[in-house]
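Text of the file input-v3.cif, holding mmCIF, C-alpha atoms:
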data_protein
loop_
_atom_site.label_atom_id
_atom_site.label_comp_id
_atom_site.auth_asym_id
_atom_site.auth_seq_id
_atom_site.Cartn_x
_atom_site.Cartn_y
_atom_site.Cartn_z
CA MET A 28 12.77 184.77 59.26
CA THR A 29 11.99 183.94 55.63
CA LEU A 30 14.43 184.13 52.74
CA LEU A 31 12.57 187.14 51.29
CA THR A 32 12.37 188.93 54.64
CA ALA A 33 16.05 188.26 55.33
CA ALA A 34 17.06 190.04 52.11
CA GLU A 35 14.49 192.83 52.43
CA SER A 36 15.32 193.53 56.07
CA LEU A 37 18.63 195.10 54.98
CA THR A 38 18.69 198.90 54.81
CA LYS A 39 19.59 200.62 51.54
CA ARG A 40 23.01 201.39 52.98
CA GLN A 41 23.60 197.75 53.95
CA THR A 42 22.46 196.59 50.53
CA ALA A 43 24.74 199.10 48.77
CA ILE A 44 27.74 198.09 50.92
CA SER A 45 27.01 194.42 50.22
CA ILE A 46 26.84 195.01 46.47
CA VAL A 47 30.16 196.91 46.54
CA ILE A 48 31.90 194.13 48.50
CA ILE A 49 30.51 191.37 46.27
CA GLY A 50 31.49 193.48 43.24
CA MET A 51 35.08 193.50 44.53
CA LEU A 52 34.90 189.71 44.84
CA PHE A 53 33.70 189.40 41.24
CA PHE A 54 36.63 191.59 40.15
CA ILE A 55 39.00 189.12 41.83
CA PHE A 56 37.13 186.19 40.23
CA GLY A 57 37.61 187.78 36.82
CA PHE A 58 41.27 188.66 37.27
CA VAL A 59 42.24 185.16 38.40
CA SER A 60 40.03 183.38 35.81
CA TRP A 61 40.65 185.36 32.64
CA VAL A 62 44.44 185.45 33.00
CA ASN A 63 44.16 181.89 31.64
CA ALA A 64 43.66 183.47 28.19
CA ILE A 65 47.35 184.45 28.19
CA LEU A 66 48.57 181.48 30.28
CA ILE A 67 47.39 178.99 27.63
CA PRO A 68 49.59 180.27 24.76
CA TYR A 69 52.39 181.12 27.21
CA PHE A 70 52.55 177.59 28.63
CA LYS A 71 52.19 176.19 25.12
CA ILE A 72 55.51 177.84 24.23
CA ALA A 73 57.36 177.51 27.55
CA CYS A 74 56.35 173.88 28.23
CA GLU A 75 56.34 172.80 24.54
CA LEU A 76 52.72 171.66 24.33
CA ASN A 77 50.21 170.95 21.56
CA HIS A 78 46.77 172.63 21.49
CA PHE A 79 45.05 169.86 23.46
CA GLN A 80 47.71 169.86 26.19
CA SER A 81 47.66 173.66 26.47
CA TYR A 82 43.89 173.67 27.08
CA LEU A 83 44.49 171.48 30.14
CA VAL A 84 45.07 174.89 31.78
CA ALA A 85 41.34 175.57 31.52
CA PHE A 86 40.51 171.94 32.37
CA ALA A 87 42.55 171.89 35.59
CA PHE A 88 41.21 175.26 36.70
CA TYR A 89 37.52 174.67 36.02
CA ILE A 90 37.18 170.95 36.81
CA ALA A 91 37.73 172.06 40.40
CA TYR A 92 34.24 173.60 40.27
CA PHE A 93 32.78 170.13 39.67
CA VAL A 94 34.78 168.55 42.50
CA VAL A 95 34.50 171.31 45.12
CA SER A 96 31.06 172.89 44.58
CA VAL A 97 28.87 170.52 46.61
CA PRO A 98 31.35 170.35 49.53
CA SER A 99 31.35 174.17 49.32
CA ALA A 100 27.60 174.24 49.99
CA TYR A 101 28.01 172.18 53.15
CA LEU A 102 30.95 174.37 54.24
CA LEU A 103 28.80 177.49 53.82
CA LYS A 104 25.89 175.91 55.71
CA ARG A 105 28.27 175.15 58.59
CA VAL A 106 30.33 178.35 58.87
CA GLY A 107 28.27 180.95 56.94
CA PHE A 108 29.06 183.10 53.94
CA LYS A 109 31.88 185.24 55.34
CA LYS A 110 34.04 182.52 56.92
CA GLY A 111 33.43 180.37 53.85
CA MET A 112 34.68 183.16 51.59
CA MET A 113 37.78 183.51 53.77
CA VAL A 114 38.52 179.80 53.32
CA GLY A 115 38.05 180.22 49.56
CA PHE A 116 40.54 183.09 49.38
CA TRP A 117 43.11 181.19 51.43
CA LEU A 118 42.79 178.11 49.23
CA MET A 119 43.36 180.33 46.19
CA ALA A 120 46.46 181.79 47.89
CA VAL A 121 47.87 178.27 48.24
CA GLY A 122 47.18 177.60 44.55
CA ALA A 123 49.02 180.75 43.48
CA ALA A 124 51.98 179.83 45.74
CA ILE A 125 52.29 176.43 44.00
CA PHE A 126 53.32 178.32 40.84
CA VAL A 127 56.69 179.09 42.45
CA PRO A 128 58.02 175.50 42.71
CA ALA A 129 56.29 174.66 39.42
CA ALA A 130 58.21 177.43 37.65
CA LEU A 131 61.52 176.48 39.29
CA ALA A 132 61.10 172.90 38.03
CA ARG A 133 59.33 173.85 34.77
CA MET A 134 56.87 171.08 35.62
CA TYR A 135 53.57 171.49 33.77
CA GLU A 136 51.80 168.95 36.00
CA LEU A 137 52.62 171.05 39.07
CA PHE A 138 51.25 174.15 37.34
CA LEU A 139 48.04 172.20 36.72
CA LEU A 140 47.86 171.32 40.44
CA GLY A 141 48.23 175.02 41.27
CA LEU A 142 45.47 175.90 38.81
CA PHE A 143 43.20 173.19 40.26
CA THR A 144 43.76 174.60 43.76
CA LEU A 145 43.04 178.14 42.55
CA GLY A 146 39.85 176.87 40.92
CA GLY A 147 38.81 175.06 44.10
CA GLY A 148 39.08 178.22 46.15
CA LEU A 149 37.22 180.16 43.51
CA ALA A 150 34.46 177.52 43.51
CA ILE A 151 33.85 178.20 47.22
CA LEU A 152 33.68 181.95 46.56
CA GLN A 153 31.35 181.53 43.57
CA THR A 154 29.07 179.14 45.50
CA ALA A 155 28.63 181.89 48.10
CA ALA A 156 28.58 185.01 45.93
CA ASN A 157 26.21 184.04 43.10
CA PRO A 158 23.17 183.00 45.20
CA TYR A 159 23.95 185.93 47.53
CA ILE A 160 23.71 188.57 44.81
CA THR A 161 20.69 186.81 43.24
CA VAL A 162 18.57 187.09 46.41
CA LEU A 163 19.93 190.51 47.48
CA GLY A 164 16.93 192.48 46.23
CA PRO A 165 13.85 192.12 44.00
CA LYS A 166 13.87 189.07 41.74
CA GLU A 167 12.86 191.07 38.66
CA ARG A 168 16.00 193.21 39.03
CA ALA A 169 18.39 190.28 39.47
CA THR A 170 19.72 190.79 35.94
CA GLN A 171 20.73 194.34 36.82
CA ARG A 172 22.63 193.23 39.92
CA ILE A 173 24.28 190.30 38.18
CA SER A 174 25.18 192.53 35.22
CA ILE A 175 26.92 194.94 37.60
CA MET A 176 28.86 191.95 38.95
CA GLY A 177 29.58 190.94 35.37
CA ILE A 178 31.11 194.33 34.61
CA CYS A 179 33.41 193.89 37.62
CA ASN A 180 34.30 190.38 36.44
CA LYS A 181 34.86 191.20 32.79
CA GLY A 182 36.52 194.52 33.56
CA ALA A 183 39.12 192.53 35.48
CA GLY A 184 39.20 190.13 32.53
CA ILE A 185 40.16 192.99 30.21
CA LEU A 186 42.98 194.03 32.52
CA ALA A 187 44.24 190.57 33.48
CA PRO A 188 45.73 189.36 30.15
CA LEU A 189 47.21 192.81 29.47
CA ALA A 190 48.66 193.18 32.99
CA PHE A 191 50.01 189.64 32.99
CA ALA A 192 51.47 190.10 29.51
CA ALA A 193 53.12 193.34 30.65
CA ALA A 194 54.60 191.51 33.65
CA ILE A 195 56.03 188.50 31.81
CA LEU A 196 56.46 189.41 28.11
CA ARG A 197 59.29 191.49 26.65
CA PRO A 198 59.37 193.55 23.42
CA THR A 199 61.99 191.14 22.01
CA ASP A 200 59.96 187.98 22.74
CA SER A 201 58.65 187.64 19.18
CA GLU A 202 62.24 187.11 18.04
CA LEU A 203 62.89 184.72 20.95
CA PHE A 204 59.78 182.62 20.18
CA ALA A 205 60.90 182.31 16.55
CA GLN A 206 64.42 181.20 17.58
CA ILE A 207 63.44 178.61 20.21
CA PRO A 208 62.65 175.78 17.71
CA LEU A 209 66.05 176.35 16.05
CA MET A 210 68.12 176.10 19.26
CA ASP A 211 70.05 173.03 20.34
CA GLU A 212 68.53 171.06 23.21
CA HIS A 213 70.68 172.55 26.01
CA THR A 214 70.27 176.18 24.89
CA ARG A 215 66.51 175.69 24.35
CA ALA A 216 66.11 174.24 27.86
CA GLN A 217 67.92 177.24 29.37
CA ALA A 218 65.79 179.69 27.37
CA LEU A 219 62.54 177.95 28.34
CA ASP A 220 63.57 177.77 32.03
CA ALA A 221 64.22 181.52 32.04
CA LEU A 222 60.91 182.13 30.24
CA ILE A 223 58.74 180.14 32.63
CA ARG A 224 60.38 181.61 35.74
CA ARG A 225 58.98 185.00 34.84
CA VAL A 226 55.71 183.92 36.51
CA ILE A 227 57.32 183.60 39.96
CA VAL A 228 57.13 187.24 41.04
CA PRO A 229 53.57 187.93 39.76
CA TYR A 230 52.11 184.81 41.38
CA THR A 231 53.97 185.38 44.67
CA CYS A 232 52.31 188.80 44.80
CA VAL A 233 48.92 187.29 43.88
CA SER A 234 49.24 184.73 46.69
CA ALA A 235 49.95 187.43 49.27
CA VAL A 236 47.05 189.60 48.05
CA LEU A 237 44.59 186.68 48.14
CA PHE A 238 45.58 185.76 51.70
CA THR A 239 45.04 189.36 52.79
CA LEU A 240 41.67 189.55 51.04
CA GLY A 241 40.55 186.46 52.94
CA LEU A 242 41.11 188.29 56.22
CA ALA A 243 39.49 191.46 54.86
CA VAL A 244 36.24 189.78 53.80
CA ARG A 245 36.04 187.85 57.09
CA TYR A 246 35.97 191.11 59.07
CA SER A 247 34.03 193.16 56.52
CA PRO A 248 30.50 194.54 57.21
CA LEU A 249 29.04 192.05 54.71
CA PRO A 250 25.85 190.71 56.40
CA GLU A 251 24.85 187.05 56.51
CA ILE A 252 21.67 186.30 54.54
CA ASP A 253 19.32 183.57 55.70
CA THR A 254 18.70 181.05 52.93
CA GLU A 255 17.63 178.18 55.18
CA HIS A 256 14.06 179.25 55.91
CA GLU A 257 11.19 179.60 53.46
CA SER A 258 8.16 181.82 53.06
CA ALA A 259 4.78 180.11 53.48
CA GLU A 260 4.25 180.13 49.70
CA VAL A 261 7.62 178.56 48.93
CA ALA A 262 7.28 176.06 51.78
CA SER A 263 3.87 174.97 50.47
CA ARG A 264 5.23 174.55 46.94
CA ASN A 265 8.22 172.53 48.19
CA GLU A 266 6.25 170.34 50.61
CA GLY A 267 7.35 166.72 50.27
CA LYS A 268 10.49 167.56 48.31
CA THR A 269 13.55 165.88 49.78
CA SER A 270 16.11 166.11 46.97
CA ILE A 271 17.61 168.86 44.86
CA PHE A 272 16.98 166.66 41.83
CA GLN A 273 13.23 167.22 42.24
CA PHE A 274 13.67 170.67 40.69
CA PRO A 275 13.94 170.11 36.90
CA HIS A 276 14.32 173.82 36.13
CA LEU A 277 17.42 173.87 38.36
CA ILE A 278 19.07 170.77 36.88
CA LEU A 279 18.35 171.96 33.32
CA GLY A 280 19.66 175.39 34.37
CA ALA A 281 22.91 173.85 35.62
CA LEU A 282 23.34 172.17 32.22
CA ALA A 283 22.64 175.53 30.60
CA ILE A 284 25.37 177.10 32.75
CA PHE A 285 27.71 174.24 31.76
CA LEU A 286 27.22 175.00 28.08
CA HIS A 287 27.14 178.79 28.49
CA VAL A 288 30.42 179.07 30.36
CA GLY A 289 32.00 176.65 27.90
CA THR A 290 31.04 178.88 24.97
CA GLN A 291 32.26 181.93 26.89
CA VAL A 292 35.68 180.51 27.70
CA ILE A 293 36.09 179.20 24.15
CA ALA A 294 35.40 182.69 22.79
CA ILE A 295 38.01 184.24 25.09
CA ASP A 296 40.70 181.59 25.65
CA THR A 297 40.96 180.35 22.05
CA ILE A 298 40.95 183.69 20.26
CA ILE A 299 44.71 184.29 20.66
CA GLY A 300 45.47 180.92 19.07
CA TYR A 301 42.94 181.57 16.30
CA ALA A 302 44.52 184.98 15.64
CA GLY A 303 47.91 183.23 15.51
CA SER A 304 46.61 180.97 12.74
CA MET A 305 46.11 184.17 10.70
CA GLY A 306 49.77 185.13 11.05
CA MET A 307 49.58 187.36 14.15
CA ASP A 308 52.26 186.95 16.80
CA LEU A 309 51.46 186.73 20.51
CA LEU A 310 52.32 190.37 21.20
CA GLN A 311 49.67 191.53 18.69
CA ALA A 312 47.09 188.82 19.36
CA LYS A 313 47.06 189.41 23.14
CA SER A 314 44.55 192.26 22.65
CA PHE A 315 41.75 190.07 21.30
CA PRO A 316 40.52 188.64 24.63
CA SER A 317 40.12 192.23 25.80
CA TYR A 318 38.03 193.06 22.70
CA THR A 319 35.75 190.10 23.44
CA LEU A 320 35.38 191.11 27.09
CA THR A 321 34.68 194.71 26.07
CA ALA A 322 31.81 193.46 23.90
CA THR A 323 30.53 191.58 26.96
CA ILE A 324 30.64 194.75 29.07
CA VAL A 325 28.65 196.59 26.38
CA GLY A 326 25.99 193.88 26.77
CA TYR A 327 26.02 194.29 30.55
CA LEU A 328 25.51 198.04 30.23
CA ILE A 329 22.53 197.42 27.95
CA GLY A 330 21.12 195.01 30.54
CA ILE A 331 21.61 197.44 33.42
CA SER A 332 20.01 200.36 31.60
CA CYS A 333 17.15 198.52 29.88
CA THR A 334 15.93 195.73 32.22
CA PRO A 335 13.24 195.57 33.38
CA ARG A 336 12.22 199.04 32.13
CA LEU A 337 12.32 198.35 28.37
CA PHE A 338 12.43 194.54 28.25
CA SER A 339 12.41 191.68 30.74
CA GLN A 340 15.48 189.67 31.73
CA LEU A 341 13.84 186.67 30.05
CA THR A 342 13.63 188.56 26.75
CA ALA A 343 17.28 189.54 27.12
CA LEU A 344 18.22 185.87 27.65
CA ARG A 345 16.29 184.79 24.56
CA VAL A 346 17.83 187.48 22.34
CA CYS A 347 21.36 186.68 23.53
CA THR A 348 21.05 182.94 22.91
CA LEU A 349 19.76 183.59 19.37
CA LEU A 350 22.64 186.02 18.73
CA GLY A 351 25.11 183.38 19.96
CA LEU A 352 23.88 180.89 17.38
CA THR A 353 23.96 183.55 14.64
CA PHE A 354 27.53 184.65 15.40
CA SER A 355 28.71 181.04 15.63
CA ILE A 356 27.39 180.39 12.14
CA GLY A 357 29.22 183.55 11.02
CA ILE A 358 32.52 182.21 12.39
CA LEU A 359 32.14 178.96 10.48
CA LEU A 360 30.74 180.16 7.17
CA LEU A 361 31.95 183.71 6.49
CA SER A 362 35.47 184.68 5.39
CA GLY A 363 37.38 187.59 3.91
CA ASN A 364 40.04 189.91 5.27
CA VAL A 365 39.02 193.15 6.96
CA ARG A 366 41.09 195.81 8.71
CA LEU A 367 39.69 196.87 12.06
CA LEU A 368 41.26 198.41 15.18
CA GLY A 369 44.65 198.24 13.52
CA HIS A 370 44.44 194.50 12.78
CA GLU A 371 44.29 192.85 9.35
CA ALA A 372 42.39 189.60 9.94
CA ASP A 373 39.66 187.34 8.61
CA ILE A 374 36.15 188.59 9.42
CA SER A 375 35.45 185.36 11.31
CA ILE A 376 37.64 186.47 14.22
CA TRP A 377 35.39 189.50 14.72
CA PHE A 378 32.42 187.14 15.05
CA VAL A 379 34.38 185.43 17.85
CA VAL A 380 34.73 188.88 19.44
CA LEU A 381 30.97 189.46 19.05
CA LEU A 382 30.28 186.28 21.00
CA GLY A 383 31.20 188.43 23.99
CA LEU A 384 28.07 190.50 23.33
CA ALA A 385 25.92 187.41 22.81
CA ASN A 386 27.15 185.82 26.05
CA SER A 387 26.73 188.95 28.16
CA LEU A 388 23.24 188.46 29.63
CA VAL A 389 22.98 184.66 29.47
CA TRP A 390 24.48 184.03 32.93
CA ALA A 391 22.35 186.78 34.47
CA GLY A 392 19.25 185.38 32.77
CA ILE A 393 19.76 181.76 33.81
CA TRP A 394 20.53 182.21 37.53
CA PRO A 395 17.24 183.75 38.75
CA LEU A 396 15.22 181.32 36.61
CA ALA A 397 17.10 178.28 37.94
CA LEU A 398 17.02 179.34 41.63
CA ASP A 399 13.36 180.40 41.56
CA GLY A 400 11.39 178.79 44.40
CA LEU A 401 14.23 176.69 45.86
CA GLY A 402 13.82 178.04 49.41
CA ARG A 403 15.85 175.94 51.86
CA PHE A 404 17.53 174.24 48.89
CA THR A 405 19.08 177.54 47.72
CA LYS A 406 22.67 176.96 48.93
CA LEU A 407 22.74 173.42 47.53
CA GLY A 408 21.05 174.63 44.35
CA GLY A 409 23.73 177.30 44.02
CA SER A 410 26.43 174.67 44.37
CA ILE A 411 24.81 172.55 41.63
CA MET A 412 24.83 175.61 39.39
CA ILE A 413 28.49 176.26 40.17
CA MET A 414 29.26 172.63 39.26
CA GLY A 415 28.11 173.64 35.79
CA LEU A 416 31.22 175.80 35.55
CA CYS A 417 33.17 172.63 34.74
CA GLY A 418 31.93 173.34 31.21
CA ASN A 419 34.90 175.72 31.16
CA ALA A 420 37.08 172.64 31.69
CA LEU A 421 35.60 170.23 29.18
CA LEU A 422 34.43 172.23 26.17
CA PRO A 423 37.82 173.92 25.51
CA LEU A 424 39.38 170.43 25.44
CA LEU A 425 36.85 169.39 22.82
CA TYR A 426 37.69 172.54 20.88
CA GLY A 427 41.42 171.75 21.25
CA TYR A 428 40.90 168.21 19.94
CA LEU A 429 39.04 169.49 16.88
CA ALA A 430 41.67 172.23 16.38
CA ASP A 431 44.50 169.67 16.41
CA ASN A 432 42.76 167.16 14.15
CA ILE A 433 40.81 169.40 11.73
CA SER A 434 41.47 173.14 12.01
CA LEU A 435 41.21 175.96 14.51
CA ARG A 436 38.18 177.37 12.69
CA ASP A 437 36.35 174.05 12.53
CA GLY A 438 36.85 173.70 16.28
CA TYR A 439 34.12 176.32 16.66
CA TRP A 440 31.52 173.78 15.48
CA VAL A 441 31.33 172.84 19.18
CA LEU A 442 29.41 176.10 19.74
CA ILE A 443 26.38 175.17 17.62
CA PRO A 444 24.77 172.49 19.85
CA CYS A 445 25.57 174.60 22.92
CA TYR A 446 23.57 177.58 21.69
CA LEU A 447 20.74 175.34 20.47
CA TYR A 448 20.32 173.99 24.01
CA LEU A 449 20.53 177.48 25.52
CA ILE A 450 17.73 178.58 23.17
CA PHE A 451 15.67 175.60 24.40
CA TYR A 452 16.19 176.56 28.05
CA ALA A 453 15.37 180.23 27.40
CA PHE A 454 12.10 179.40 25.65
CA LYS A 455 10.91 176.25 27.44
CA GLY A 456 13.30 174.52 29.85
CA TYR A 457 13.07 177.10 32.66
CA ARG A 458 9.30 176.49 32.96
CA LEU A 459 9.56 172.76 33.74
CA ARG A 460 8.69 172.02 37.37
CA ARG A 461 8.18 168.25 37.05
CA TRP A 462 10.05 165.51 35.24
CA ALA A 463 7.49 164.28 32.74
#
Please rewrite the model in this file as structure tokens.
Amino acid sequence: MTLLTAAESLTKRQTAISIVIIGMLFFIFGFVSWVNAILIPYFKIACELNHFQSYLVAFAFYIAYFVVSVPSAYLLKRVGFKKGMMVGFWLMAVGAAIFVPAALARMYELFLLGLFTLGGGLAILQTAANPYITVLGPKERATQRISIMGICNKGAGILAPLAFAAAILRPTDSELFAQIPLMDEHTRAQALDALIRRVIVPYTCVSAVLFTLGLAVRYSPLPEIDTEHESAEVASRNEGKTSIFQFPHLILGALAIFLHVGTQVIAIDTIIGYAGSMGMDLLQAKSFPSYTLTATIVGYLIGISCTPRLFSQLTALRVCTLLGLTFSIGILLLSGNVRLLGHEADISIWFVVLLGLANSLVWAGIWPLALDGLGRFTKLGGSIMIMGLCGNALLPLLYGYLADNISLRDGYWVLIPCYLYLIFYAFKGYRLRRWA
């Protein structure tokens, strides 16, 4: 059975059920990932951190992708997609449970261990789900399928910071946050202990839900898809290839993913802090990640409705990378207060919001280009791509360093070289089939 036949042998009903199940997985991915946007400023207050230390939240969570992705590929080859996803959910459940002792001790390092474990479980799920949805149908419609997954992911991302904020923040917290620096050491410690322990109930519930979802996906009707065998055309093209590193378009694509996800998480996870530099408190600024994610969903809807009917997924990728560079320049160079959606803020923050639109179809554009023609290397190629998600870990730290040492606005200079490389990949890098 070839890779193409394995995907095409599914009935329309099986394909629809598979897309629904994978969409639910992407919703979970988004909810667990994008809650970091509120965890970063929350831990900064409760654990008394600077900007660099607070962005270790993103580092601990996403560096797990680099560590776990390749082992994930071998796990999936051994036990298949469904059992592998179950293991991923259960590992995430353990990570969420670690938040309980971490909160009781108010130990930031233990929180980071919990986040790393959550990220490790998510890496297994992403290593399975992304190649799965990429090959589940015609290649030219991969952007549509991935965009649908993106809506599930970012829709959860809109809800996650708001739901988490509703669970742990109180209407009087603005006054509390202002008083904490003025308290004596003993009173401040008591206040911070009480503040951080608010995460215990939400994360206990999350742990139980993740464990249950692991069982549910194991016994779901999600079919296994054969990615180990190749069509005659792919086999001929890959004859003599023994290493994943013999596919330049994949390796360059993984670097593109590294930079893309870094720009995406910077746009979402730093915007609350940037809004705070304009005088907004946390209770008002908490809405901005949702604005950015809403802009991303608008981009997904454009992709679903217009590709490939009005323009190709490659054209969409090229336009989005160019918009990303344009909006980044707007953040750095344009200023002036505007009132929008009830907020009085510098215009530059709305360019950060618009990065959500620019980033919307980049992921969907890169994946089918990078996995094209991999055949029996598909699972391992998918794991290499998922390793690129460690960009979420490293680039926010670079932003945090620049924010601490220059300014929060100048930290966005890190976006410029990222979008320049993404433009290169969209116009030339994806075509390279030999290192020359």
Point to revise | Test item: the PyMOL selection byres ((chain A and resi 92) around 12) resolved as number ranges by chain | key: A: 85-91, 93-100, 142-154, 285, 288, 409-421
Check your understanding: CA of Arg197 (chain A) to CA of Val62 (chain A): how many Å, to one decimal?
Key ->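 Value for the CA of Arg197 (chain A)-CA of Val62 (chain A) distance: 17.2 Å.
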Point to revise | Expected selection from the PyMOL selection byres ((chain A and resi 287) around 10), given as a PyMOL selection string | key: chain A and resi 281-286+288-293+348+351+386+389-390+393+415-416+418-419+442+445-446+448-449
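When only C-alpha atoms are used to compute distances to Leu139 (chain A), the closest of the residues A:Leu209, A:Leu83, A:Leu102, A:Ile331 turns out to be A:Leu83.
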Exercise for review: Pull out every residue that the PyMOL selection byres ((chain A and resi 198-208) around 12) matches in the shown coordinates and put them as a ChimeraX atom specification.
Suggested key: /A:68-69,71-75,192-197,209-222,307-312
Study note, to complete from the structure: Between A:Ile48, A:Leu401, A:Leu384, A:Val346, smallest distance to Ser270 (chain A) by only C-alpha atoms belongs to A:Leu401
Practice item. Rank nothing, just name the residue among A:Ala169, A:Ala190, A:Val59, A:Ala372 nearest to Pro335 (chain A), using all atoms listed in the file. Key: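 With all atoms listed in the file as the atom set, the closest residue is A:Ala169.
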4 Å per side around region 447-456 of chain A: axis-aligned box centre and edge lengths, as lines of an AutoDock Vina configuration file:
center_x = 15.8
center_y = 177.1
center_z = 25.2
size_x = 17.8
size_y = 14.2
size_z = 17.4
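Of the listed residues (A:Leu398, A:Cys179, A:Leu352, A:Val380), A:Leu398 comes nearest to His276 (chain A); the distances count all atoms listed in the file.
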Point to revise | Distance in Å - CA of Thr334 (chain A) versus CA of Leu186 (chain A) | key: 27.1 Å
**Study point:** Between CA of Ile299 (chain A) and CA of Asn364 (chain A) - distance in Å to one decimal
**Key:** 17.0 Å
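Near (39.8, 183.9, 17.3), the residues inside the 9 Å limit, counting all atoms listed in the file, come to Ala294, Ile295, Asp296, Thr297, Ile298, Ile299, Gly300, Tyr301, Ala302, Gly303, Ser304, Phe315, Pro316, Ile358, Ser375, Ile376, Trp377, Phe378, Val379, Val380, Leu435 and Arg436 of chain A.
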Residue rebuild result region 360-376 of chain A, N, CA and C atoms as a short mmCIF file (atom, residue, chain, number, x, y, z; two decimals), keeping the file's coordinate frame:
data_model
loop_
_atom_site.label_atom_id
_atom_site.label_comp_id
_atom_site.auth_asym_id
_atom_site.auth_seq_id
_atom_site.Cartn_x
_atom_site.Cartn_y
_atom_site.Cartn_z
N LEU A 360 31.10 180.08 8.58
CA LEU A 360 30.74 180.16 7.17
C LEU A 360 31.23 181.41 6.44
N LEU A 361 31.55 182.47 7.16
CA LEU A 361 31.95 183.71 6.49
C LEU A 361 33.46 183.90 6.54
N SER A 362 34.02 184.45 5.45
CA SER A 362 35.47 184.68 5.39
C SER A 362 35.75 185.91 4.54
N GLY A 363 36.97 186.39 4.64
CA GLY A 363 37.38 187.59 3.91
C GLY A 363 38.11 188.54 4.84
N ASN A 364 39.24 189.04 4.41
CA ASN A 364 40.04 189.91 5.27
C ASN A 364 39.41 191.29 5.43
N VAL A 365 39.45 191.79 6.66
CA VAL A 365 39.02 193.15 6.96
C VAL A 365 40.06 193.78 7.87
N ARG A 366 40.18 195.09 7.81
CA ARG A 366 41.09 195.81 8.71
C ARG A 366 40.26 196.57 9.73
N LEU A 367 40.48 196.27 11.00
CA LEU A 367 39.69 196.87 12.06
C LEU A 367 40.55 196.99 13.31
N LEU A 368 40.50 198.14 13.97
CA LEU A 368 41.26 198.41 15.18
C LEU A 368 42.75 198.14 15.00
N GLY A 369 43.23 198.39 13.80
CA GLY A 369 44.65 198.24 13.52
C GLY A 369 45.08 196.82 13.20
N HIS A 370 44.11 195.90 13.07
CA HIS A 370 44.44 194.50 12.78
C HIS A 370 43.91 194.12 11.39
N GLU A 371 44.72 193.43 10.63
CA GLU A 371 44.29 192.85 9.35
C GLU A 371 44.02 191.38 9.61
N ALA A 372 42.75 190.98 9.57
CA ALA A 372 42.39 189.60 9.94
C ALA A 372 41.11 189.19 9.24
N ASP A 373 40.89 187.88 9.20
CA ASP A 373 39.66 187.34 8.61
C ASP A 373 38.45 187.82 9.43
N ILE A 374 37.35 188.07 8.75
CA ILE A 374 36.15 188.59 9.42
C ILE A 374 35.63 187.63 10.49
N SER A 375 35.95 186.34 10.34
CA SER A 375 35.45 185.36 11.31
C SER A 375 35.93 185.64 12.72
N ILE A 376 37.14 186.21 12.86
CA ILE A 376 37.64 186.47 14.22
C ILE A 376 36.82 187.55 14.90
#
